[in-house]
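With PDB, C-alpha atoms inside, this is upload.pdb:
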ATOM      1  CA  MET V   1     -10.025 155.680  71.614  1.00  0.00           C
ATOM      2  CA  THR V   2      -9.444 159.315  72.524  1.00  0.00           C
ATOM      3  CA  THR V   3     -11.282 160.918  75.401  1.00  0.00           C
ATOM      4  CA  ASN V   4     -11.906 164.429  76.566  1.00  0.00           C
ATOM      5  CA  ALA V   5     -14.627 165.826  78.791  1.00  0.00           C
ATOM      6  CA  ASN V   6     -17.210 165.977  76.050  1.00  0.00           C
ATOM      7  CA  LYS V   7     -16.605 163.187  73.633  1.00  0.00           C
ATOM      8  CA  ILE V   8     -15.192 159.737  73.199  1.00  0.00           C
ATOM      9  CA  VAL V   9     -13.848 159.241  69.696  1.00  0.00           C
ATOM     10  CA  VAL V  10     -13.917 155.668  68.424  1.00  0.00           C
ATOM     11  CA  HIS V  11     -12.486 154.502  65.116  1.00  0.00           C
ATOM     12  CA  VAL V  12     -14.658 151.932  63.378  1.00  0.00           C
ATOM     13  CA  ASP V  13     -14.018 149.969  60.196  1.00  0.00           C
ATOM     14  CA  ARG V  14     -15.858 151.542  57.257  1.00  0.00           C
ATOM     15  CA  ASP V  15     -17.181 148.094  56.291  1.00  0.00           C
ATOM     16  CA  LEU V  16     -19.221 148.098  59.482  1.00  0.00           C
ATOM     17  CA  GLU V  17     -20.790 151.533  58.921  1.00  0.00           C
ATOM     18  CA  ASP V  18     -24.193 150.147  57.873  1.00  0.00           C
ATOM     19  CA  LEU V  19     -24.463 148.142  61.080  1.00  0.00           C
ATOM     20  CA  ILE V  20     -23.628 150.922  63.525  1.00  0.00           C
ATOM     21  CA  PRO V  21     -26.942 152.860  63.713  1.00  0.00           C
ATOM     22  CA  ASN V  22     -28.800 149.681  64.711  1.00  0.00           C
ATOM     23  CA  PHE V  23     -26.016 148.617  67.034  1.00  0.00           C
ATOM     24  CA  MET V  24     -26.268 151.949  68.876  1.00  0.00           C
ATOM     25  CA  THR V  25     -30.073 151.829  69.028  1.00  0.00           C
ATOM     26  CA  ASN V  26     -29.813 148.356  70.557  1.00  0.00           C
ATOM     27  CA  ARG V  27     -27.454 149.631  73.248  1.00  0.00           C
ATOM     28  CA  HIS V  28     -29.894 152.389  74.216  1.00  0.00           C
ATOM     29  CA  THR V  29     -32.619 149.747  74.415  1.00  0.00           C
ATOM     30  CA  ASP V  30     -30.336 147.586  76.603  1.00  0.00           C
ATOM     31  CA  LEU V  31     -29.623 150.535  78.879  1.00  0.00           C
ATOM     32  CA  ALA V  32     -33.347 151.218  79.395  1.00  0.00           C
ATOM     33  CA  ALA V  33     -34.013 147.515  80.035  1.00  0.00           C
ATOM     34  CA  MET V  34     -31.191 147.298  82.574  1.00  0.00           C
ATOM     35  CA  ARG V  35     -32.315 150.466  84.393  1.00  0.00           C
ATOM     36  CA  ASP V  36     -35.733 148.886  84.652  1.00  0.00           C
ATOM     37  CA  ALA V  37     -34.256 145.572  85.790  1.00  0.00           C
ATOM     38  CA  VAL V  38     -32.124 147.087  88.565  1.00  0.00           C
ATOM     39  CA  ASN V  39     -35.264 148.628  90.069  1.00  0.00           C
ATOM     40  CA  LYS V  40     -36.839 145.179  90.118  1.00  0.00           C
ATOM     41  CA  ALA V  41     -33.681 143.488  91.443  1.00  0.00           C
ATOM     42  CA  ASP V  42     -33.750 141.390  88.245  1.00  0.00           C
ATOM     43  CA  TYR V  43     -30.009 140.659  88.170  1.00  0.00           C
ATOM     44  CA  GLU V  44     -30.307 137.853  85.669  1.00  0.00           C
ATOM     45  CA  THR V  45     -31.528 140.204  82.927  1.00  0.00           C
ATOM     46  CA  ILE V  46     -28.676 142.627  83.624  1.00  0.00           C
ATOM     47  CA  CYS V  47     -26.148 139.821  83.645  1.00  0.00           C
ATOM     48  CA  GLY V  48     -27.384 138.478  80.294  1.00  0.00           C
ATOM     49  CA  LEU V  49     -27.450 141.864  78.555  1.00  0.00           C
ATOM     50  CA  ALA V  50     -24.074 142.892  79.970  1.00  0.00           C
ATOM     51  CA  HIS V  51     -22.596 139.587  78.832  1.00  0.00           C
ATOM     52  CA  CYS V  52     -23.824 140.195  75.266  1.00  0.00           C
ATOM     53  CA  ILE V  53     -22.486 143.763  75.167  1.00  0.00           C
ATOM     54  CA  LYS V  54     -19.139 142.566  76.511  1.00  0.00           C
ATOM     55  CA  GLY V  55     -18.885 139.940  73.770  1.00  0.00           C
ATOM     56  CA  ALA V  56     -19.867 142.242  70.917  1.00  0.00           C
ATOM     57  CA  GLY V  57     -18.607 145.778  71.757  1.00  0.00           C
ATOM     58  CA  GLY V  58     -14.904 145.358  71.077  1.00  0.00           C
ATOM     59  CA  GLY V  59     -15.579 143.413  67.883  1.00  0.00           C
ATOM     60  CA  TYR V  60     -17.105 146.554  66.405  1.00  0.00           C
ATOM     61  CA  GLY V  61     -14.298 148.689  67.814  1.00  0.00           C
ATOM     62  CA  PHE V  62     -16.015 149.813  71.019  1.00  0.00           C
ATOM     63  CA  ASP V  63     -13.478 148.566  73.537  1.00  0.00           C
ATOM     64  CA  GLY V  64     -14.819 150.988  76.154  1.00  0.00           C
ATOM     65  CA  LEU V  65     -18.241 149.383  75.864  1.00  0.00           C
ATOM     66  CA  THR V  66     -16.767 145.937  76.483  1.00  0.00           C
ATOM     67  CA  GLU V  67     -14.929 147.260  79.556  1.00  0.00           C
ATOM     68  CA  ILE V  68     -18.028 148.845  81.085  1.00  0.00           C
ATOM     69  CA  ALA V  69     -20.111 145.741  80.307  1.00  0.00           C
ATOM     70  CA  ALA V  70     -17.546 143.425  81.907  1.00  0.00           C
ATOM     71  CA  ASP V  71     -17.760 145.447  85.156  1.00  0.00           C
ATOM     72  CA  LEU V  72     -21.534 145.496  84.861  1.00  0.00           C
ATOM     73  CA  GLU V  73     -21.716 141.727  84.467  1.00  0.00           C
ATOM     74  CA  LEU V  74     -19.572 141.250  87.586  1.00  0.00           C
ATOM     75  CA  ALA V  75     -21.729 143.688  89.573  1.00  0.00           C
ATOM     76  CA  ALA V  76     -24.871 141.844  88.443  1.00  0.00           C
ATOM     77  CA  LYS V  77     -23.384 138.486  89.415  1.00  0.00           C
ATOM     78  CA  ALA V  78     -22.614 139.952  92.859  1.00  0.00           C
ATOM     79  CA  GLN V  79     -26.185 141.378  92.985  1.00  0.00           C
ATOM     80  CA  ASP V  80     -24.641 144.711  93.958  1.00  0.00           C
ATOM     81  CA  SER V  81     -27.306 147.308  93.072  1.00  0.00           C
ATOM     82  CA  ALA V  82     -25.134 150.303  93.917  1.00  0.00           C
ATOM     83  CA  ALA V  83     -22.288 149.091  91.684  1.00  0.00           C
ATOM     84  CA  ILE V  84     -24.771 148.258  88.915  1.00  0.00           C
ATOM     85  CA  SER V  85     -26.245 151.771  89.046  1.00  0.00           C
ATOM     86  CA  THR V  86     -22.778 153.318  88.856  1.00  0.00           C
ATOM     87  CA  ARG V  87     -21.911 151.180  85.816  1.00  0.00           C
ATOM     88  CA  LEU V  88     -25.204 151.982  84.136  1.00  0.00           C
ATOM     89  CA  GLU V  89     -24.376 155.674  84.495  1.00  0.00           C
ATOM     90  CA  SER V  90     -20.956 154.990  82.920  1.00  0.00           C
ATOM     91  CA  LEU V  91     -22.746 153.242  80.060  1.00  0.00           C
ATOM     92  CA  ALA V  92     -25.191 156.141  79.617  1.00  0.00           C
ATOM     93  CA  ASP V  93     -22.281 158.577  79.660  1.00  0.00           C
ATOM     94  CA  TYR V  94     -20.378 156.523  77.081  1.00  0.00           C
ATOM     95  CA  LEU V  95     -23.361 156.301  74.739  1.00  0.00           C
ATOM     96  CA  GLN V  96     -23.910 160.038  75.022  1.00  0.00           C
ATOM     97  CA  LYS V  97     -20.291 160.988  74.376  1.00  0.00           C
ATOM     98  CA  VAL V  98     -19.275 158.449  71.764  1.00  0.00           C
ATOM     99  CA  GLU V  99     -18.342 159.894  68.401  1.00  0.00           C
ATOM    100  CA  ILE V 100     -17.627 157.465  65.588  1.00  0.00           C
ATOM    101  CA  VAL V 101     -15.012 158.017  62.931  1.00  0.00           C
ATOM    102  CA  TYR V 102     -15.190 155.534  60.041  1.00  0.00           C
ATOM    103  CA  GLU V 103     -11.920 154.607  58.418  1.00  0.00           C
TER     104      GLU V 103
ATOM    105  CA  MET O   1      -2.353 138.121  60.039  1.00  0.00           C
ATOM    106  CA  ALA O   2      -2.067 139.892  56.677  1.00  0.00           C
ATOM    107  CA  ASP O   3      -0.744 136.699  55.096  1.00  0.00           C
ATOM    108  CA  THR O   4      -3.649 134.525  56.162  1.00  0.00           C
ATOM    109  CA  LYS O   5      -6.057 137.167  54.914  1.00  0.00           C
ATOM    110  CA  LEU O   6      -4.372 137.143  51.518  1.00  0.00           C
ATOM    111  CA  ASP O   7      -4.573 133.371  51.378  1.00  0.00           C
ATOM    112  CA  LEU O   8      -8.284 133.432  51.993  1.00  0.00           C
ATOM    113  CA  ASP O   9      -8.868 136.284  49.556  1.00  0.00           C
ATOM    114  CA  SER O  10      -7.198 134.340  46.803  1.00  0.00           C
ATOM    115  CA  SER O  11      -9.884 131.641  47.249  1.00  0.00           C
ATOM    116  CA  ALA O  12      -7.254 129.037  46.517  1.00  0.00           C
ATOM    117  CA  THR O  13      -8.816 126.086  48.307  1.00  0.00           C
ATOM    118  CA  CYS O  14      -7.824 122.678  46.909  1.00  0.00           C
ATOM    119  CA  SER O  15     -11.242 121.993  45.541  1.00  0.00           C
ATOM    120  CA  GLY O  16     -11.985 125.600  44.665  1.00  0.00           C
ATOM    121  CA  ASP O  17     -15.029 125.415  46.949  1.00  0.00           C
ATOM    122  CA  PRO O  18     -15.671 128.138  49.475  1.00  0.00           C
ATOM    123  CA  LEU O  19     -15.157 127.324  53.134  1.00  0.00           C
ATOM    124  CA  ARG O  20     -18.379 126.272  54.782  1.00  0.00           C
ATOM    125  CA  ILE O  21     -18.729 127.725  58.253  1.00  0.00           C
ATOM    126  CA  LEU O  22     -21.517 127.133  60.738  1.00  0.00           C
ATOM    127  CA  LEU O  23     -21.902 129.910  63.291  1.00  0.00           C
ATOM    128  CA  VAL O  24     -23.943 128.903  66.328  1.00  0.00           C
ATOM    129  CA  GLU O  25     -24.606 132.212  68.082  1.00  0.00           C
ATOM    130  CA  ASP O  26     -27.728 133.799  69.573  1.00  0.00           C
ATOM    131  CA  ASN O  27     -26.470 137.381  69.699  1.00  0.00           C
ATOM    132  CA  LYS O  28     -27.770 139.298  66.666  1.00  0.00           C
ATOM    133  CA  ASP O  29     -25.053 141.951  66.929  1.00  0.00           C
ATOM    134  CA  ASN O  30     -22.404 139.264  66.626  1.00  0.00           C
ATOM    135  CA  GLN O  31     -24.235 137.423  63.833  1.00  0.00           C
ATOM    136  CA  LEU O  32     -24.263 140.641  61.775  1.00  0.00           C
ATOM    137  CA  LEU O  33     -20.674 141.463  62.699  1.00  0.00           C
ATOM    138  CA  PHE O  34     -19.267 138.074  61.678  1.00  0.00           C
ATOM    139  CA  ARG O  35     -21.254 138.122  58.438  1.00  0.00           C
ATOM    140  CA  ALA O  36     -19.776 141.551  57.671  1.00  0.00           C
ATOM    141  CA  PHE O  37     -16.261 140.280  58.477  1.00  0.00           C
ATOM    142  CA  LEU O  38     -16.583 137.522  55.865  1.00  0.00           C
ATOM    143  CA  LYS O  39     -18.465 139.505  53.226  1.00  0.00           C
ATOM    144  CA  THR O  40     -15.701 139.678  50.653  1.00  0.00           C
ATOM    145  CA  LEU O  41     -14.126 136.289  51.396  1.00  0.00           C
ATOM    146  CA  PRO O  42     -14.765 132.884  49.797  1.00  0.00           C
ATOM    147  CA  CYS O  43     -16.697 131.569  52.770  1.00  0.00           C
ATOM    148  CA  SER O  44     -20.295 130.538  53.118  1.00  0.00           C
ATOM    149  CA  LEU O  45     -21.704 131.315  56.521  1.00  0.00           C
ATOM    150  CA  GLU O  46     -24.695 129.467  57.916  1.00  0.00           C
ATOM    151  CA  ILE O  47     -26.135 130.860  61.151  1.00  0.00           C
ATOM    152  CA  ALA O  48     -27.949 128.936  63.868  1.00  0.00           C
ATOM    153  CA  GLU O  49     -29.507 130.972  66.683  1.00  0.00           C
ATOM    154  CA  ASN O  50     -29.165 128.304  69.363  1.00  0.00           C
ATOM    155  CA  GLY O  51     -27.542 124.939  70.027  1.00  0.00           C
ATOM    156  CA  ALA O  52     -30.563 122.884  68.956  1.00  0.00           C
ATOM    157  CA  VAL O  53     -30.755 124.603  65.556  1.00  0.00           C
ATOM    158  CA  GLY O  54     -26.967 124.265  65.348  1.00  0.00           C
ATOM    159  CA  VAL O  55     -27.118 120.488  65.772  1.00  0.00           C
ATOM    160  CA  GLU O  56     -29.892 120.250  63.188  1.00  0.00           C
ATOM    161  CA  LYS O  57     -28.001 122.354  60.642  1.00  0.00           C
ATOM    162  CA  PHE O  58     -24.760 120.542  61.306  1.00  0.00           C
ATOM    163  CA  SER O  59     -26.217 117.112  60.611  1.00  0.00           C
ATOM    164  CA  ALA O  60     -27.952 118.376  57.472  1.00  0.00           C
ATOM    165  CA  GLY O  61     -24.891 120.107  56.040  1.00  0.00           C
ATOM    166  CA  ASN O  62     -21.249 119.507  55.420  1.00  0.00           C
ATOM    167  CA  PHE O  63     -19.155 122.062  57.265  1.00  0.00           C
ATOM    168  CA  ASP O  64     -15.448 122.775  57.411  1.00  0.00           C
ATOM    169  CA  LEU O  65     -15.684 124.635  60.715  1.00  0.00           C
ATOM    170  CA  VAL O  66     -18.160 125.282  63.505  1.00  0.00           C
ATOM    171  CA  ILE O  67     -17.914 128.436  65.598  1.00  0.00           C
ATOM    172  CA  MET O  68     -19.848 127.820  68.789  1.00  0.00           C
ATOM    173  CA  ASP O  69     -21.112 130.245  71.403  1.00  0.00           C
ATOM    174  CA  LEU O  70     -21.607 128.584  74.794  1.00  0.00           C
ATOM    175  CA  GLN O  71     -24.343 130.523  76.615  1.00  0.00           C
ATOM    176  CA  MET O  72     -27.453 130.210  74.463  1.00  0.00           C
ATOM    177  CA  PRO O  73     -31.167 129.649  74.990  1.00  0.00           C
ATOM    178  CA  VAL O  74     -32.900 126.315  74.208  1.00  0.00           C
ATOM    179  CA  MET O  75     -29.649 124.338  74.040  1.00  0.00           C
ATOM    180  CA  ASP O  76     -26.281 125.643  75.182  1.00  0.00           C
ATOM    181  CA  GLY O  77     -23.020 125.214  73.311  1.00  0.00           C
ATOM    182  CA  TYR O  78     -21.679 122.457  75.565  1.00  0.00           C
ATOM    183  CA  THR O  79     -24.682 120.202  74.914  1.00  0.00           C
ATOM    184  CA  ALA O  80     -24.702 121.073  71.222  1.00  0.00           C
ATOM    185  CA  THR O  81     -21.020 120.165  70.916  1.00  0.00           C
ATOM    186  CA  ARG O  82     -21.505 116.863  72.750  1.00  0.00           C
ATOM    187  CA  THR O  83     -24.480 116.042  70.519  1.00  0.00           C
ATOM    188  CA  ILE O  84     -22.509 116.848  67.361  1.00  0.00           C
ATOM    189  CA  ARG O  85     -19.559 114.724  68.510  1.00  0.00           C
ATOM    190  CA  GLN O  86     -21.872 111.775  69.235  1.00  0.00           C
ATOM    191  CA  TRP O  87     -23.565 112.171  65.841  1.00  0.00           C
ATOM    192  CA  GLU O  88     -20.183 112.210  64.071  1.00  0.00           C
ATOM    193  CA  LYS O  89     -19.211 109.042  65.931  1.00  0.00           C
ATOM    194  CA  ASP O  90     -22.464 107.298  65.033  1.00  0.00           C
ATOM    195  CA  GLN O  91     -22.022 108.309  61.401  1.00  0.00           C
ATOM    196  CA  GLY O  92     -18.382 107.248  61.348  1.00  0.00           C
ATOM    197  CA  ARG O  93     -17.338 110.753  60.377  1.00  0.00           C
ATOM    198  CA  ASN O  94     -14.108 112.538  61.178  1.00  0.00           C
ATOM    199  CA  PRO O  95     -14.497 115.273  63.795  1.00  0.00           C
ATOM    200  CA  THR O  96     -15.094 118.741  62.372  1.00  0.00           C
ATOM    201  CA  PRO O  97     -13.213 121.539  64.139  1.00  0.00           C
ATOM    202  CA  ILE O  98     -15.533 123.200  66.653  1.00  0.00           C
ATOM    203  CA  VAL O  99     -14.173 126.416  68.121  1.00  0.00           C
ATOM    204  CA  ALA O 100     -15.914 127.713  71.227  1.00  0.00           C
ATOM    205  CA  LEU O 101     -16.113 131.497  70.994  1.00  0.00           C
ATOM    206  CA  THR O 102     -17.307 133.068  74.196  1.00  0.00           C
ATOM    207  CA  ALA O 103     -17.215 136.213  76.261  1.00  0.00           C
ATOM    208  CA  ASN O 104     -16.072 134.180  79.281  1.00  0.00           C
ATOM    209  CA  ALA O 105     -12.325 134.043  79.683  1.00  0.00           C
ATOM    210  CA  ILE O 106     -12.280 132.011  82.890  1.00  0.00           C
ATOM    211  CA  ALA O 107     -10.354 128.751  82.962  1.00  0.00           C
ATOM    212  CA  GLU O 108     -13.374 126.728  84.023  1.00  0.00           C
ATOM    213  CA  THR O 109     -15.229 127.610  80.823  1.00  0.00           C
ATOM    214  CA  THR O 110     -12.268 126.612  78.694  1.00  0.00           C
ATOM    215  CA  GLU O 111     -11.936 123.281  80.447  1.00  0.00           C
ATOM    216  CA  LYS O 112     -15.660 122.574  80.218  1.00  0.00           C
ATOM    217  CA  SER O 113     -15.774 123.402  76.510  1.00  0.00           C
ATOM    218  CA  LEU O 114     -12.799 121.153  75.733  1.00  0.00           C
ATOM    219  CA  GLU O 115     -14.379 118.387  77.795  1.00  0.00           C
ATOM    220  CA  ALA O 116     -17.576 118.737  75.753  1.00  0.00           C
ATOM    221  CA  GLY O 117     -15.536 118.120  72.606  1.00  0.00           C
ATOM    222  CA  CYS O 118     -14.586 121.575  71.362  1.00  0.00           C
ATOM    223  CA  THR O 119     -11.323 121.717  69.431  1.00  0.00           C
ATOM    224  CA  ALA O 120     -10.340 125.013  71.024  1.00  0.00           C
ATOM    225  CA  HIS O 121     -11.664 127.889  73.068  1.00  0.00           C
ATOM    226  CA  GLU O 122     -11.314 131.521  71.987  1.00  0.00           C
ATOM    227  CA  THR O 123     -12.713 134.684  73.513  1.00  0.00           C
ATOM    228  CA  LYS O 124     -15.010 137.445  72.323  1.00  0.00           C
ATOM    229  CA  PRO O 125     -14.957 140.293  71.551  1.00  0.00           C
ATOM    230  CA  ILE O 126     -12.981 139.514  68.430  1.00  0.00           C
ATOM    231  CA  GLN O 127     -11.963 141.852  65.614  1.00  0.00           C
ATOM    232  CA  ARG O 128     -11.868 141.042  61.906  1.00  0.00           C
ATOM    233  CA  ALA O 129      -8.176 140.185  61.564  1.00  0.00           C
ATOM    234  CA  GLN O 130      -8.273 137.825  64.556  1.00  0.00           C
ATOM    235  CA  PHE O 131     -11.517 136.260  63.366  1.00  0.00           C
ATOM    236  CA  ILE O 132     -10.091 135.492  59.935  1.00  0.00           C
ATOM    237  CA  ASP O 133      -6.892 134.264  61.505  1.00  0.00           C
ATOM    238  CA  LEU O 134      -8.914 131.907  63.682  1.00  0.00           C
ATOM    239  CA  ILE O 135     -10.762 130.509  60.657  1.00  0.00           C
ATOM    240  CA  CYS O 136      -7.531 129.939  58.745  1.00  0.00           C
ATOM    241  CA  HIS O 137      -5.892 128.359  61.748  1.00  0.00           C
ATOM    242  CA  TYR O 138      -8.605 125.815  62.436  1.00  0.00           C
ATOM    243  CA  THR O 139      -9.209 124.928  58.796  1.00  0.00           C
ATOM    244  CA  GLY O 140      -5.490 124.464  58.174  1.00  0.00           C
ATOM    245  CA  GLY O 141      -6.102 120.982  56.821  1.00  0.00           C
ATOM    246  CA  ARG O 142      -7.811 122.513  53.818  1.00  0.00           C
ATOM    247  CA  GLU O 143      -4.499 123.844  52.537  1.00  0.00           C
ATOM    248  CA  LEU O 144      -5.767 127.353  51.974  1.00  0.00           C
TER     249      LEU O 144
END
Write out the structure in this file as structure tokens.
Amino acid sequence: MTTNANKIVVHVDRDLEDLIPNFMTNRHTDLAAMRDAVNKADYETICGLAHCIKGAGGGYGFDGLTEIAADLELAAKAQDSAAISTRLESLADYLQKVEIVYE
Amino acid sequence: MADTKLDLDSSATCSGDPLRILLVEDNKDNQLLFRAFLKTLPCSLEIAENGAVGVEKFSAGNFDLVIMDLQMPVMDGYTATRTIRQWEKDQGRNPTPIVALTANAIAETTEKSLEAGCTAHETKPIQRAQFIDLICHYTGGREL
């Protein structure tokens, strides 16, 4: 993974190319659901979604996603709204900046 | 890693049959990912979306390997593994390798999964080479 201010370049196996658009759509859906959940203090939902992202992200090549989700899961377990909000912004930032190179 | 991949690609199982793998996993992203990993290999992959379906499929099929998530709705992986082990015992069958594959790396989870009857505990996320390596490792008895 290479990072600069504007983009995060991730190299993904070409065999997984067909799966990526849906995978990314699902992460945007997760983000919206978790933003909603933090407002309702629904930590269980955040914990569950973060756990799933942690377990899948790196398998596709998105190690950064797994890292953010691991922190998010911990923050949700601790019911720490401020930390959750910070991590959700990191997730939003990642999703906005990620640029996929298939190889 | 490259060697095990070659072995699987050559489809040189003793019987010539593909490996039969049961994946018990509720996460759709991982179901799709693992199916993609095995696409070109001589493996048949059956997917169960929770532990209860996993137990049902296991007792109806004949699998070489079970890959078991632990946190799942309806029935979790610990209960599913215990149920499978009891069923095998009742049927007088040899234990099938069951590998717990979870996003929890903590020692407690590992211990609990082994106690439930899992053969081993591995962590997600997992990439293709490691996934194939895992399959080869735990189906070693098949002389791939």
Which residues come within 10 Å of segment 115-118 of chain O, counting all atoms listed in the file, excluding same-chain residues fewer than 2 positions away, as a list in words?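 The contact residues come out as Val66, Ile67, Met68, Gly77, Tyr78, Thr79, Ala80, Thr81, Arg82, Thr83, Ile84, Arg85, Gln86, Pro95, Thr96, Pro97, Ile98, Val99, Ala100, Thr109, Thr110, Glu111, Lys112, Ser113, Ala120 and His121 of chain O.
Comparing O:Asp17, O:Asp133, O:Glu49, O:Asp29 by their smallest distance to Met75 of chain O, the closest is O:Glu49 (using all atoms listed in the file).
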May I ask for the distance between atom CA of Asn30 of chain O and atom CA of Gly59 of chain V, given in Å to one decimal place?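 A separation of 8.1 Å between them.
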Considering only C-alpha atoms, give me a table of residues in chain V that are at most 10 Å from chain O, with the closest atom pair and distance in Å for each, as JSON lines.
{"residue": "V:Asp13", "atom": "CA", "partner": "O:Arg128", "partner_atom": "CA", "distance": 9.3}
{"residue": "V:Asp15", "atom": "CA", "partner": "O:Ala36", "partner_atom": "CA", "distance": 7.2}
{"residue": "V:Leu16", "atom": "CA", "partner": "O:Ala36", "partner_atom": "CA", "distance": 6.8}
{"residue": "V:Asp18", "atom": "CA", "partner": "O:Ala36", "partner_atom": "CA", "distance": 9.7}
{"residue": "V:Leu19", "atom": "CA", "partner": "O:Leu32", "partner_atom": "CA", "distance": 7.5}
{"residue": "V:Ile20", "atom": "CA", "partner": "O:Asp29", "partner_atom": "CA", "distance": 9.7}
{"residue": "V:Asn22", "atom": "CA", "partner": "O:Asp29", "partner_atom": "CA", "distance": 8.9}
{"residue": "V:Phe23", "atom": "CA", "partner": "O:Asp29", "partner_atom": "CA", "distance": 6.7}
{"residue": "V:Asn26", "atom": "CA", "partner": "O:Asp29", "partner_atom": "CA", "distance": 8.8}
{"residue": "V:Gly48", "atom": "CA", "partner": "O:Gln71", "partner_atom": "CA", "distance": 9.3}
{"residue": "V:Leu49", "atom": "CA", "partner": "O:Asn27", "partner_atom": "CA", "distance": 10.0}
{"residue": "V:His51", "atom": "CA", "partner": "O:Ala103", "partner_atom": "CA", "distance": 6.9}
{"residue": "V:Cys52", "atom": "CA", "partner": "O:Asn27", "partner_atom": "CA", "distance": 6.8}
{"residue": "V:Ile53", "atom": "CA", "partner": "O:Asp29", "partner_atom": "CA", "distance": 8.8}
{"residue": "V:Lys54", "atom": "CA", "partner": "O:Ala103", "partner_atom": "CA", "distance": 6.6}
{"residue": "V:Gly55", "atom": "CA", "partner": "O:Pro125", "partner_atom": "CA", "distance": 4.5}
{"residue": "V:Ala56", "atom": "CA", "partner": "O:Pro125", "partner_atom": "CA", "distance": 5.3}
{"residue": "V:Gly57", "atom": "CA", "partner": "O:Pro125", "partner_atom": "CA", "distance": 6.6}
{"residue": "V:Gly58", "atom": "CA", "partner": "O:Pro125", "partner_atom": "CA", "distance": 5.1}
{"residue": "V:Gly59", "atom": "CA", "partner": "O:Gln127", "partner_atom": "CA", "distance": 4.5}
{"residue": "V:Tyr60", "atom": "CA", "partner": "O:Gln127", "partner_atom": "CA", "distance": 7.0}
{"residue": "V:Gly61", "atom": "CA", "partner": "O:Gln127", "partner_atom": "CA", "distance": 7.6}
{"residue": "V:Phe62", "atom": "CA", "partner": "O:Pro125", "partner_atom": "CA", "distance": 9.6}
{"residue": "V:Asp63", "atom": "CA", "partner": "O:Pro125", "partner_atom": "CA", "distance": 8.6}
{"residue": "V:Thr66", "atom": "CA", "partner": "O:Pro125", "partner_atom": "CA", "distance": 7.7}
{"residue": "V:Ala70", "atom": "CA", "partner": "O:Ala103", "partner_atom": "CA", "distance": 9.2}
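Across the model, the gap from atom CA of Pro73 of chain O to atom CA of Glu46 of chain O is 18.3 Å.
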Go through O:Leu38, O:Val55, O:Ala107, O:Arg20 one by one, measure the shortest atom-to-atom distance of each to Glu88 of chain O using only C-alpha atoms, and give the residue with the smallest value. O:Val55
Output check: residues returned by the PyMOL selection byres ((chain O and resi 45) around 7), as a PyMOL selection string: chain O and resi 20-23+43-44+46-47
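Distances from V:Thr25, V:Asn39, V:Thr45, V:Asn6 to Ala76 of chain V were compared using only C-alpha atoms, and the smallest one belongs to V:Thr45.
With all atoms listed in the file as the atoms that count, the residue of V:Cys47, V:Met24, V:Met34, V:Val12 with the shortest distance to Gln79 of chain V is V:Cys47.
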Decode the PyMOL selection byres ((chain V and resi 98) around 6) for the given file into explicit residues and return them as a list in words.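 Expected selection for the PyMOL selection byres ((chain V and resi 98) around 6) here is Lys7, Ile8, Val9, Tyr94, Leu95, Gln96, Lys97 and Glu99 of chain V.
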Give me, please, the distance in Å between atom CA of Lys77 of chain V and atom CA of Ala37 of chain V, quoted to one decimal. 13.5 Å
Rank V:Glu103, V:Asp36, V:Ile46, V:Leu31 by their smallest atom-to-atom distance to Ser90 of chain V, using all atoms listed in the file, and report the top residue only.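 Ranked by minimum distance to Ser90 of chain V, first place goes to V:Leu31.
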Determine the nearest neighbour of Val24 of chain O from the options O:Pro42, O:Lys89, O:Gly61, O:Asp69, counting only C-alpha atoms. O:Asp69
Determine, counting all atoms listed in the file, which protein, DNA and RNA residues have an atom within 12 Å of an atom of Ala75 of chain V; residues of the same chain fewer than 6 positions away are not included. Present the result as a compact mmCIF listing (two decimals) with C-alpha atoms, in the frame of the given file.
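What landed in result22.txt:
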# COMPACT_ATOMS: atom_id res chain seq x y z
CA VAL V 38 -32.12 147.09 88.56
CA TYR V 43 -30.01 140.66 88.17
CA GLU V 44 -30.31 137.85 85.67
CA ILE V 46 -28.68 142.63 83.62
CA CYS V 47 -26.15 139.82 83.64
CA ALA V 50 -24.07 142.89 79.97
CA HIS V 51 -22.60 139.59 78.83
CA ILE V 68 -18.03 148.84 81.08
CA ALA V 69 -20.11 145.74 80.31
CA SER V 81 -27.31 147.31 93.07
CA ALA V 82 -25.13 150.30 93.92
CA ALA V 83 -22.29 149.09 91.68
CA ILE V 84 -24.77 148.26 88.92
CA SER V 85 -26.24 151.77 89.05
CA THR V 86 -22.78 153.32 88.86
CA ARG V 87 -21.91 151.18 85.82
CA LEU V 88 -25.20 151.98 84.14
For segment 98-103 of chain O, where the input has fewer atoms than it should, I would like N, CA and C atoms rebuilt and written as a short mmCIF file (atom, residue, chain, number, x, y, z; two decimals), keeping the file's coordinate frame.
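Heads up, here's the output in out-v7.cif:
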data_model
loop_
_atom_site.label_atom_id
_atom_site.label_comp_id
_atom_site.auth_asym_id
_atom_site.auth_seq_id
_atom_site.Cartn_x
_atom_site.Cartn_y
_atom_site.Cartn_z
N ILE O 98 -14.52 122.37 65.99
CA ILE O 98 -15.53 123.20 66.65
C ILE O 98 -14.79 124.15 67.58
N VAL O 99 -14.86 125.44 67.28
CA VAL O 99 -14.17 126.42 68.12
C VAL O 99 -15.20 127.14 68.99
N ALA O 100 -15.05 126.97 70.30
CA ALA O 100 -15.91 127.71 71.23
C ALA O 100 -15.47 129.17 71.21
N LEU O 101 -16.43 130.07 71.02
CA LEU O 101 -16.11 131.50 70.99
C LEU O 101 -17.03 132.18 72.00
N THR O 102 -16.45 132.57 73.12
CA THR O 102 -17.31 133.07 74.20
C THR O 102 -16.74 134.30 74.87
N ALA O 103 -17.63 135.01 75.54
CA ALA O 103 -17.22 136.21 76.26
C ALA O 103 -16.68 135.88 77.66
#
